[in-house]
>>> print(open('start-v4.csv').read())   # CSV, C-alpha atoms
chain,number,residue,atom,x,y,z
A,248,MET,CA,0.0,0.0,0.0
A,249,LYS,CA,1.4,3.4,-0.9
A,250,LYS,CA,1.7,5.9,1.9
A,251,LEU,CA,1.1,9.6,1.6
A,252,ILE,CA,3.6,12.2,2.8
A,253,THR,CA,2.3,15.7,3.5
A,254,CYS,CA,5.0,18.4,3.0
A,255,ALA,CA,4.1,21.7,4.5
A,256,LEU,CA,6.8,24.2,4.0
A,257,LEU,CA,9.4,21.5,4.5
A,258,PHE,CA,12.5,23.1,3.1
A,259,THR,CA,14.8,20.6,4.6
A,260,MET,CA,13.0,17.6,3.1
A,261,GLY,CA,13.0,19.3,-0.3
A,262,LEU,CA,16.7,20.0,-0.2
A,263,HIS,CA,17.5,16.5,0.9
A,264,ALA,CA,15.4,14.9,-1.9
A,265,ALA,CA,16.8,17.3,-4.4
A,266,SER,CA,20.4,16.7,-3.4
A,267,ALA,CA,20.1,13.1,-4.5
A,268,GLN,CA,19.7,14.3,-8.0
A,269,LYS,CA,23.3,14.5,-9.3
A,270,GLY,CA,24.1,17.3,-11.7
A,271,LYS,CA,21.0,19.4,-10.9
A,272,ASN,CA,21.1,22.9,-9.6
A,273,VAL,CA,18.5,22.8,-6.8
A,274,ALA,CA,16.5,25.8,-5.6
A,275,GLU,CA,15.0,26.1,-2.2
A,276,GLY,CA,11.9,24.0,-2.1
A,277,THR,CA,10.5,20.5,-2.0
A,278,GLY,CA,11.5,17.9,-4.5
A,279,TYR,CA,9.0,15.6,-6.2
A,280,TYR,CA,8.7,13.3,-9.2
A,281,LEU,CA,6.1,12.8,-11.8
A,282,PRO,CA,5.0,9.2,-12.5
A,283,ARG,CA,5.4,6.8,-15.4
A,284,THR,CA,2.7,4.3,-16.1
A,285,GLU,CA,3.3,0.7,-15.4
A,286,LEU,CA,0.9,-2.1,-16.6
A,287,ARG,CA,0.3,-5.0,-14.3
A,288,PHE,CA,-1.1,-8.2,-15.9
A,289,THR,CA,-2.8,-10.5,-13.4
A,290,VAL,CA,-3.0,-14.0,-14.8
A,291,LYS,CA,-5.5,-16.2,-13.1
A,292,MET,CA,-4.9,-20.0,-13.3
A,293,GLU,CA,-6.4,-23.2,-12.0
A,294,LYS,CA,-3.8,-25.5,-10.4
A,295,THR,CA,-4.8,-29.2,-10.3
A,296,SER,CA,-2.8,-31.5,-8.0
A,297,TYR,CA,-3.4,-35.3,-8.2
A,298,THR,CA,-2.2,-37.8,-5.7
A,299,PRO,CA,-2.8,-41.5,-6.5
A,300,GLY,CA,-4.7,-43.6,-4.0
A,301,GLU,CA,-3.2,-46.3,-1.9
A,302,PHE,CA,-5.1,-49.0,-3.8
A,303,ALA,CA,-4.9,-47.4,-7.2
A,304,VAL,CA,-3.5,-50.6,-8.7
A,305,TYR,CA,-6.8,-52.4,-7.7
A,306,ALA,CA,-9.2,-49.7,-9.0
A,307,GLU,CA,-10.2,-51.5,-12.2
A,308,LYS,CA,-10.3,-55.0,-10.5
A,309,TYR,CA,-12.6,-54.1,-7.6
A,310,MET,CA,-14.3,-50.8,-8.6
A,311,LYS,CA,-14.4,-51.2,-12.4
A,312,VAL,CA,-12.7,-47.8,-12.7
A,313,ARG,CA,-10.3,-47.7,-15.7
A,314,ASN,CA,-7.3,-45.5,-16.6
A,315,VAL,CA,-6.5,-44.5,-13.0
A,316,SER,CA,-3.1,-42.9,-12.9
A,317,MET,CA,-0.4,-44.4,-10.6
A,318,GLN,CA,1.7,-41.2,-10.7
A,319,PRO,CA,1.2,-37.9,-8.9
A,320,SER,CA,0.8,-34.9,-11.2
A,321,VAL,CA,0.3,-31.1,-11.2
A,322,THR,CA,-1.3,-29.3,-14.1
A,323,TYR,CA,-2.3,-25.7,-14.8
A,324,ARG,CA,-5.2,-24.2,-16.8
A,325,MET,CA,-5.5,-20.6,-17.8
A,326,LEU,CA,-8.7,-19.0,-16.5
A,327,GLY,CA,-8.3,-15.4,-17.5
A,328,LEU,CA,-6.3,-12.2,-17.3
A,329,ASP,CA,-6.9,-8.7,-15.9
A,330,ILE,CA,-4.9,-5.5,-16.6
A,331,ASN,CA,-4.4,-2.7,-14.2
A,332,SER,CA,-2.2,0.4,-14.4
A,333,GLU,CA,-0.2,2.0,-11.6
A,334,GLY,CA,1.9,5.1,-11.4
A,335,GLU,CA,5.6,4.7,-10.3
A,336,ARG,CA,8.1,7.5,-10.0
A,337,ASP,CA,9.9,8.4,-13.2
A,338,THR,CA,13.5,9.3,-12.2
A,339,SER,CA,13.9,11.4,-15.3
A,340,LYS,CA,11.1,13.7,-14.2
A,341,PHE,CA,12.4,15.2,-11.0
A,342,TYR,CA,11.4,18.8,-10.1
A,343,VAL,CA,11.5,21.2,-7.2
A,344,ALA,CA,8.4,23.1,-6.1
A,345,PRO,CA,9.5,26.5,-4.7
A,346,VAL,CA,8.2,26.6,-1.2
A,347,ASP,CA,9.0,30.2,-0.1
A,348,SER,CA,7.4,33.5,0.9
A,349,LYS,CA,6.6,34.3,-2.8
A,350,HIS,CA,4.3,31.3,-3.3
A,351,ASN,CA,1.2,30.2,-1.5
A,352,ILE,CA,2.1,26.5,-1.1
A,353,GLN,CA,0.5,25.2,2.1
A,354,THR,CA,0.8,21.5,1.4
A,355,LEU,CA,2.3,19.1,-1.1
A,356,GLU,CA,1.0,15.6,-1.1
A,357,LEU,CA,3.5,12.9,-2.2
A,358,ASP,CA,3.3,9.2,-2.1
A,359,ASP,CA,6.0,7.2,-0.4
A,360,ASN,CA,8.0,7.2,-3.6
A,361,GLY,CA,8.0,11.0,-3.8
A,362,VAL,CA,5.5,11.2,-6.6
A,363,LEU,CA,3.4,14.4,-6.5
A,364,LEU,CA,-0.3,13.8,-6.0
A,365,ALA,CA,-1.7,17.2,-5.0
A,366,ILE,CA,-0.9,20.8,-4.0
A,367,ASN,CA,-3.0,22.5,-1.5
A,368,ALA,CA,-5.6,19.8,-1.8
A,369,GLU,CA,-6.5,16.3,-0.7
A,370,PRO,CA,-5.1,13.7,-3.2
A,371,LYS,CA,-7.2,11.5,-5.3
A,372,GLN,CA,-7.9,8.2,-3.4
A,373,ILE,CA,-5.9,5.4,-4.9
A,374,LYS,CA,-8.0,2.3,-5.1
A,375,GLU,CA,-5.9,-0.6,-3.9
A,376,ARG,CA,-6.2,-3.8,-5.8
A,377,VAL,CA,-7.6,-6.5,-3.5
A,378,PRO,CA,-5.5,-9.6,-3.9
A,379,PHE,CA,-7.4,-12.7,-5.0
A,380,LYS,CA,-8.4,-14.9,-2.0
A,381,PRO,CA,-9.8,-18.3,-2.8
A,382,ALA,CA,-12.8,-19.5,-0.8
A,383,PRO,CA,-11.8,-21.8,2.1
A,384,LYS,CA,-11.8,-25.5,1.3
A,385,PRO,CA,-13.2,-28.1,3.6
A,386,ALA,CA,-10.7,-30.3,5.4
A,387,PRO,CA,-9.5,-33.2,3.3
A,388,LEU,CA,-11.0,-36.6,4.2
A,389,ASN,CA,-8.8,-39.2,5.8
A,390,PRO,CA,-9.8,-42.6,4.3
A,391,ARG,CA,-8.5,-44.5,7.3
A,392,ASP,CA,-11.3,-42.8,9.4
A,393,TYR,CA,-13.8,-44.9,7.4
A,394,MET,CA,-12.0,-48.3,7.5
A,395,ASN,CA,-13.7,-50.9,9.7
A,396,GLU,CA,-11.8,-53.2,12.0
A,397,ASP,CA,-11.7,-56.0,9.4
A,398,VAL,CA,-10.0,-53.8,6.9
A,399,LEU,CA,-7.4,-52.4,9.4
A,400,SER,CA,-6.5,-55.9,10.5
A,401,ALA,CA,-6.1,-57.4,7.0
A,402,GLY,CA,-2.7,-58.9,6.4
A,403,SER,CA,-2.1,-57.5,2.9
A,404,SER,CA,-2.9,-54.5,0.6
A,405,ALA,CA,-4.8,-56.7,-1.7
A,406,LYS,CA,-7.0,-57.9,1.1
A,407,MET,CA,-7.5,-54.4,2.4
A,408,ALA,CA,-8.5,-53.2,-1.1
A,409,GLU,CA,-11.0,-56.1,-1.4
A,410,LEU,CA,-12.6,-55.4,2.0
A,411,CYS,CA,-12.8,-51.6,1.2
A,412,ALA,CA,-14.5,-52.3,-2.1
A,413,LEU,CA,-17.1,-54.5,-0.3
A,414,GLU,CA,-17.6,-51.7,2.2
A,415,ILE,CA,-18.2,-49.2,-0.6
A,416,TYR,CA,-20.8,-51.5,-2.2
A,417,ASP,CA,-22.6,-51.9,1.2
A,418,ILE,CA,-22.7,-48.2,1.5
A,419,ARG,CA,-24.3,-47.8,-1.9
A,420,ASP,CA,-26.9,-50.5,-1.1
A,421,SER,CA,-27.7,-48.7,2.2
A,422,ARG,CA,-28.2,-45.4,0.3
A,423,SER,CA,-30.4,-47.1,-2.3
A,424,LEU,CA,-32.6,-48.6,0.4
A,425,LEU,CA,-32.9,-45.3,2.2
A,426,SER,CA,-33.9,-43.5,-0.9
A,427,LYS,CA,-36.6,-46.1,-1.6
A,428,GLY,CA,-37.9,-46.1,2.0
A,429,GLN,CA,-37.0,-49.8,2.4
A,430,ALA,CA,-34.2,-49.6,5.0
A,431,ASP,CA,-34.6,-51.5,8.3
A,432,PHE,CA,-34.1,-48.3,10.2
A,433,MET,CA,-35.8,-45.4,8.4
A,434,PRO,CA,-35.3,-41.9,9.7
A,435,LYS,CA,-38.1,-40.1,11.5
A,436,ASP,CA,-38.2,-37.1,9.3
A,437,GLY,CA,-36.7,-35.5,6.2
A,438,GLU,CA,-33.9,-33.7,8.1
A,439,GLN,CA,-32.7,-37.0,9.6
A,440,LEU,CA,-32.8,-38.6,6.1
A,441,LYS,CA,-30.6,-35.8,4.7
A,442,ILE,CA,-28.0,-36.3,7.5
A,443,MET,CA,-27.9,-40.0,7.0
A,444,MET,CA,-27.5,-39.7,3.2
A,445,ARG,CA,-24.8,-37.1,3.7
A,446,ASN,CA,-22.9,-39.4,6.1
A,447,LEU,CA,-23.1,-42.2,3.6
A,448,ASP,CA,-21.8,-40.0,0.8
A,449,GLU,CA,-18.9,-38.9,3.0
A,450,GLN,CA,-18.0,-42.5,3.8
A,451,GLU,CA,-18.1,-43.5,0.2
A,452,SER,CA,-16.0,-40.5,-0.9
A,453,GLY,CA,-13.4,-41.2,1.8
A,454,LEU,CA,-13.0,-44.9,0.8
A,455,MET,CA,-13.1,-44.2,-3.0
A,456,GLN,CA,-10.1,-42.0,-2.6
A,457,LEU,CA,-8.1,-45.2,-1.8
A,458,PHE,CA,-8.8,-46.3,-5.4
A,459,THR,CA,-9.2,-43.2,-7.5
A,460,GLY,CA,-6.8,-40.9,-5.6
A,461,VAL,CA,-7.3,-37.3,-4.5
A,462,THR,CA,-7.6,-34.3,-6.9
A,463,VAL,CA,-7.3,-30.8,-5.4
A,464,LYS,CA,-8.0,-27.7,-7.4
A,465,ASP,CA,-6.7,-24.3,-6.4
A,466,THR,CA,-7.1,-20.9,-8.1
A,467,ILE,CA,-3.9,-18.9,-8.1
A,468,GLU,CA,-2.7,-15.6,-9.5
A,469,THR,CA,0.6,-14.4,-11.0
A,470,GLU,CA,1.3,-10.8,-11.6
A,471,ILE,CA,3.5,-9.7,-14.5
A,472,VAL,CA,4.7,-6.1,-14.6
A,473,PHE,CA,5.3,-4.5,-18.0
A,474,VAL,CA,6.4,-0.9,-18.7
A,475,PRO,CA,5.6,0.3,-22.2
A,476,ASN,CA,8.2,2.8,-23.3
A,477,LYS,CA,7.7,2.8,-27.1
A,478,GLU,CA,5.7,1.2,-29.9
A,479,THR,CA,6.4,-2.4,-30.1
A,480,ASP,CA,5.0,-5.3,-32.2
A,481,ARG,CA,4.6,-8.7,-30.5
A,482,GLN,CA,7.1,-8.4,-27.7
A,483,LEU,CA,7.3,-11.7,-25.7
A,484,LEU,CA,5.6,-11.1,-22.4
A,485,PHE,CA,5.5,-14.5,-20.8
A,486,ARG,CA,5.1,-18.2,-21.5
A,487,PHE,CA,2.5,-20.6,-20.1
A,488,SER,CA,2.9,-24.4,-19.7
A,489,LYS,CA,0.2,-26.9,-18.8
A,490,TRP,CA,2.8,-28.6,-16.5
A,491,MET,CA,4.6,-25.6,-15.0
A,492,GLY,CA,2.2,-22.7,-15.2
A,493,ILE,CA,3.8,-19.3,-15.9
A,494,THR,CA,7.4,-19.8,-17.0
A,495,ASP,CA,10.3,-17.4,-17.8
A,496,ALA,CA,10.2,-15.8,-21.2
A,497,ASP,CA,13.3,-17.7,-22.3
A,498,ASP,CA,11.8,-21.1,-21.1
A,499,LEU,CA,10.8,-22.8,-24.4
A,500,GLY,CA,8.7,-25.3,-22.4
A,501,GLY,CA,5.9,-22.8,-22.3
A,502,ASN,CA,3.7,-21.5,-25.1
A,503,PRO,CA,4.4,-17.8,-25.9
A,504,TYR,CA,2.2,-14.8,-25.1
A,505,TYR,CA,3.0,-11.6,-26.8
A,506,VAL,CA,2.2,-7.9,-26.2
A,507,SER,CA,2.0,-5.1,-28.8
A,508,VAL,CA,1.9,-1.4,-28.1
A,509,GLU,CA,0.5,1.2,-30.5
A,510,ASP,CA,0.8,4.9,-29.9
A,511,LYS,CA,-2.5,6.5,-30.7
A,512,HIS,CA,-0.9,10.0,-30.7
A,513,VAL,CA,-3.7,11.5,-28.6
A,514,MET,CA,-3.2,13.6,-25.5
A,515,PRO,CA,-5.7,15.4,-23.2
A,516,SER,CA,-5.9,19.2,-23.6
A,517,VAL,CA,-5.1,21.8,-21.0
A,518,GLN,CA,-6.4,25.4,-20.9
A,519,GLU,CA,-3.7,27.6,-22.3
A,520,ASN,CA,-4.1,30.2,-19.5
A,521,LEU,CA,-2.9,27.5,-17.0
A,522,LEU,CA,0.4,26.9,-18.8
A,523,SER,CA,3.7,28.8,-18.4
A,524,THR,CA,4.9,31.0,-21.2
A,525,LYS,CA,8.4,31.2,-19.9
A,526,LYS,CA,11.4,29.4,-21.3
A,527,ALA,CA,12.1,26.1,-19.7
A,528,LYS,CA,15.0,27.3,-17.6
A,529,ASP,CA,12.9,30.1,-16.1
A,530,ASN,CA,9.9,27.9,-15.1
A,531,GLY,CA,9.1,27.9,-11.4
A,532,GLY,CA,8.9,24.2,-10.8
A,533,PHE,CA,5.2,23.3,-11.2
A,534,TYR,CA,4.9,20.5,-13.8
A,535,VAL,CA,2.3,18.0,-14.8
A,536,ASN,CA,2.1,15.2,-17.4
A,537,LEU,CA,0.1,15.2,-20.5
A,538,PRO,CA,-0.2,11.5,-21.0
A,539,GLY,CA,-0.6,9.8,-24.4
A,540,LYS,CA,-3.2,7.2,-25.3
A,541,ILE,CA,-1.9,3.8,-26.3
A,542,LYS,CA,-3.5,0.6,-27.4
A,543,VAL,CA,-2.2,-2.6,-25.8
A,544,THR,CA,-2.9,-5.9,-27.5
A,545,LEU,CA,-2.2,-9.3,-26.1
A,546,PHE,CA,-1.6,-12.4,-28.3
A,547,LYS,CA,-1.8,-16.0,-27.5
A,548,GLY,CA,0.7,-17.3,-30.0
A,549,THR,CA,-0.7,-15.9,-33.3
A,550,GLU,CA,-4.2,-15.4,-32.0
A,551,GLN,CA,-5.3,-12.1,-30.6
A,552,TRP,CA,-6.4,-12.6,-27.0
A,553,ALA,CA,-7.3,-9.2,-25.6
A,554,ALA,CA,-7.0,-5.5,-26.3
A,555,TYR,CA,-7.0,-2.4,-24.1
A,556,GLU,CA,-6.8,1.4,-24.6
A,557,LEU,CA,-5.4,3.6,-21.8
A,558,TYR,CA,-3.3,6.7,-21.1
A,559,ALA,CA,0.4,6.3,-20.3
A,560,ALA,CA,2.5,9.1,-18.9
A,561,GLN,CA,5.6,8.2,-20.9
A,562,PHE,CA,3.8,8.5,-24.3
A,563,GLY,CA,2.9,12.1,-23.7
A,564,GLN,CA,4.8,15.2,-22.6
A,565,VAL,CA,5.5,17.3,-19.6
A,566,VAL,CA,4.2,20.8,-19.4
A,567,ALA,CA,4.9,23.6,-16.9
A,568,LEU,CA,2.0,25.3,-15.1
A,569,ASP,CA,2.0,29.1,-14.8
A,570,GLU,CA,3.9,30.0,-11.7
A,571,GLY,CA,1.4,32.8,-11.1
A,572,LEU,CA,-1.2,30.3,-10.2
A,573,PHE,CA,0.6,30.0,-6.8
A,574,ASP,CA,0.9,33.7,-6.2
A,575,LYS,CA,0.4,34.8,-2.6
A,576,LYS,CA,-2.9,36.5,-3.6
A,577,LEU,CA,-4.3,33.2,-4.8
A,578,LEU,CA,-5.1,29.8,-3.2
A,579,THR,CA,-4.7,27.3,-6.1
A,580,SER,CA,-5.5,23.7,-5.4
A,581,ILE,CA,-4.6,21.0,-7.9
A,582,VAL,CA,-5.0,17.2,-7.9
A,583,LEU,CA,-3.0,15.0,-10.1
A,584,ASN,CA,-3.9,11.6,-11.5
A,585,PRO,CA,-1.7,9.2,-9.5
A,586,VAL,CA,-1.3,6.8,-12.5
A,587,THR,CA,-0.6,9.3,-15.3
A,588,GLY,CA,0.5,12.5,-13.5
A,589,SER,CA,-2.1,14.5,-15.5
A,590,LEU,CA,-4.1,17.4,-14.1
A,591,GLU,CA,-7.2,15.8,-12.5
A,592,SER,CA,-8.7,19.0,-11.1
A,593,ILE,CA,-7.8,22.6,-10.4
A,594,GLU,CA,-9.5,25.2,-8.2
A,595,ILE,CA,-8.4,28.9,-8.0
A,596,GLU,CA,-9.6,31.1,-5.2
A,597,ASN,CA,-8.8,34.8,-4.7
A,598,ILE,CA,-7.6,35.6,-1.2
A,599,LYS,CA,-9.2,38.7,0.3
A,600,LYS,CA,-6.9,41.1,2.0
>>> encode(input="start-v4.csv", output="structure tokens")
Amino acid sequence: MKKLITCALLFTMGLHAASAQKGKNVAEGTGYYLPRTELRFTVKMEKTSYTPGEFAVYAEKYMKVRNVSMQPSVTYRMLGLDINSEGERDTSKFYVAPVDSKHNIQTLELDDNGVLLAINAEPKQIKERVPFKPAPKPAPLNPRDYMNEDVLSAGSSAKMAELCALEIYDIRDSRSLLSKGQADFMPKDGEQLKIMMRNLDEQESGLMQLFTGVTVKDTIETEIVFVPNKETDRQLLFRFSKWMGITDADDLGGNPYYVSVEDKHVMPSVQENLLSTKKAKDNGGFYVNLPGKIKVTLFKGTEQWAAYELYAAQFGQVVALDEGLFDKKLLTSIVLNPVTGSLESIEIENIKK
């Protein structure tokens, strides 16, 4: 979670941050960064783990179940993908806001990476992505809890398997008689019948695991960070393998997934009267991004999988705000977009003498 740092006339902090920027002439004030836009691809997968049963070799003989695997295995299946964008500090965009008697700067809101979020205003709330949390699973069944005394005292695995199979068939017969109302001891009401049927189902499931094994399915997520810096055509993003899940880009055991980036050459507009008319070297230190729109397309091999359009800070340009906006006679409040560094809102109030 990103923390917010409020700087209120903190000359020392600004000088300290600025001094870290080698080769820069730093004026008195508070240093800050504008962000670049990072893309975070969240790949959701289903992981299936199979553990063979103790009596798997007897599954066909006693339970008429064929093709039961004798080897444990783990497989993965792609469920889907989400894309989110976040702002991270761009070290090439470091500036110093003049915090002095000439400017009405009461607060500067920075995140914990020094990215400017607001001046004289509350920053835009950053919606934190909630990590995926799978639903709790019931405790696994222990087949030995359902073995009777004869099974436990049997002298060999083959005999134990035979007795377990007989027990499973007895359970099925009991369930059939209950459902037909022909059992020797019928329940008094429907609720008791449900409980008895549920107990029989649990017993059968626990014993069948000895023959068919246990299959556990888990939903997992993997996050892949991608920083688009220029137009690109089918850049390898990651690979996916049925047997290993997400693999490194250079692992040829996985199938390739590519990303393409197209610059749409579109930027949001800003009112001309808000921008500085001075030369770059004379600007006072108040800068915002004009992000550029891009189209991001994902490919599964040669097949297009998904496409998104969004604004990215690094595909636009930086503009300087008019230093007069922060004159002592005005109270100017600005809020920046935390992902793109663009001007989200601005309010200008005349201060009465």
>>> residues_near_point(input="start-v4.csv", point="(-21.2, -43.9, 7.5)", cutoff="12 Å", atoms="only C-alpha atoms", output="list of chain:residue names")
A:Pro390, A:Asp392, A:Tyr393, A:Met394, A:Asn395, A:Glu414, A:Ile415, A:Asp417, A:Ile418, A:Arg419, A:Ser421, A:Arg422, A:Ile442, A:Met443, A:Met444, A:Arg445, A:Asn446, A:Leu447, A:Asp448, A:Glu449, A:Gln450, A:Glu451, A:Ser452, A:Gly453, A:Leu454
>>> residues_around(input="start-v4.csv", residues="A:Val377", least_positions_apart="3", cutoff="12 Å", atoms="all atoms listed in the file", output="PyMOL selection string")
chain A and resi 248+289+331+374+380+468
>>> residues_near_point(input="start-v4.csv", point="(0.0, 26.5, -3.2)", cutoff="9 Å", atoms="all atoms listed in the file", output="number ranges by chain")
A: 346, 350-355, 366-368, 572-575, 577-581
>>> atom_distance(input="start-v4.csv", atom1="atom CA of A:Trp552", atom2="atom CA of A:Asp465")
23.7 Å
>>> atom_distance(input="start-v4.csv", atom1="atom CA of A:Pro585", atom2="atom CA of A:Asp358")
8.9 Å
>>> closest_residue(input="start-v4.csv", among="A:Lys542, A:Leu568, A:Gly588, A:Ala554", to="A:Val517", atoms="all atoms listed in the file")
A:Leu568
>>> residues_around(input="start-v4.csv", residues="A:Val472", least_positions_apart="2", cutoff="10 Å", atoms="all atoms listed in the file", output="list of chain:residue names")
A:Glu285, A:Leu286, A:Arg287, A:Phe288, A:Thr289, A:Ile330, A:Asn331, A:Ser332, A:Glu333, A:Thr469, A:Glu470, A:Val474, A:Pro475, A:Leu484
>>> closest_residue(input="start-v4.csv", among="A:Asp480, A:Asp329, A:Glu356, A:Glu596", to="A:Phe546", atoms="all atoms listed in the file")
A:Asp480
>>> atom_distance(input="start-v4.csv", atom1="atom CA of A:Met310", atom2="atom CA of A:Ala408")
9.8 Å
>>> residues_around(input="start-v4.csv", residues="A:Val315", least_positions_apart="5", cutoff="8 Å", atoms="all atoms listed in the file", output="JSON, numbers by chain")
{"A": [303, 306, 307, 459]}
>>> write_last_selection(input="start-v4.csv", atoms="C-alpha atoms", output="PDB file, in the frame of the given file")
ATOM      1  CA  ALA A 303      -4.900 -47.400  -7.200  1.00  0.00           C
ATOM      2  CA  ALA A 306      -9.200 -49.700  -9.000  1.00  0.00           C
ATOM      3  CA  GLU A 307     -10.200 -51.500 -12.200  1.00  0.00           C
ATOM      4  CA  THR A 459      -9.200 -43.200  -7.500  1.00  0.00           C
TER       5      THR A 459
END
>>> residues_around(input="start-v4.csv", residues="A:Tyr342", least_positions_apart="2", cutoff="7 Å", atoms="only C-alpha atoms", output="NGL selection string")
:A and (278-280 or 340 or 344 or 532)
>>> closest_residue(input="start-v4.csv", among="A:Val513, A:Leu410, A:Val586, A:Leu545", to="A:Ala560", atoms="all atoms listed in the file")
A:Val586
>>> closest_residue(input="start-v4.csv", among="A:Asn389, A:Asn502, A:Ser589, A:Gln318", to="A:Leu537", atoms="all atoms listed in the file")
A:Ser589
>>> closest_residue(input="start-v4.csv", among="A:Asn476, A:Asn360, A:Asn584, A:Ser423", to="A:Thr338", atoms="only C-alpha atoms")
A:Asn360
>>> residues_around(input="start-v4.csv", residues="A:Arg283", least_positions_apart="3", cutoff="6 Å", atoms="all atoms listed in the file", output="list in words")
Gly334, Glu335, Asp337, Ala560 and Gln561 of chain A
>>> closest_residue(input="start-v4.csv", among="A:Tyr416, A:Tyr558, A:Trp490, A:Phe341", to="A:Glu509", atoms="only C-alpha atoms")
A:Tyr558
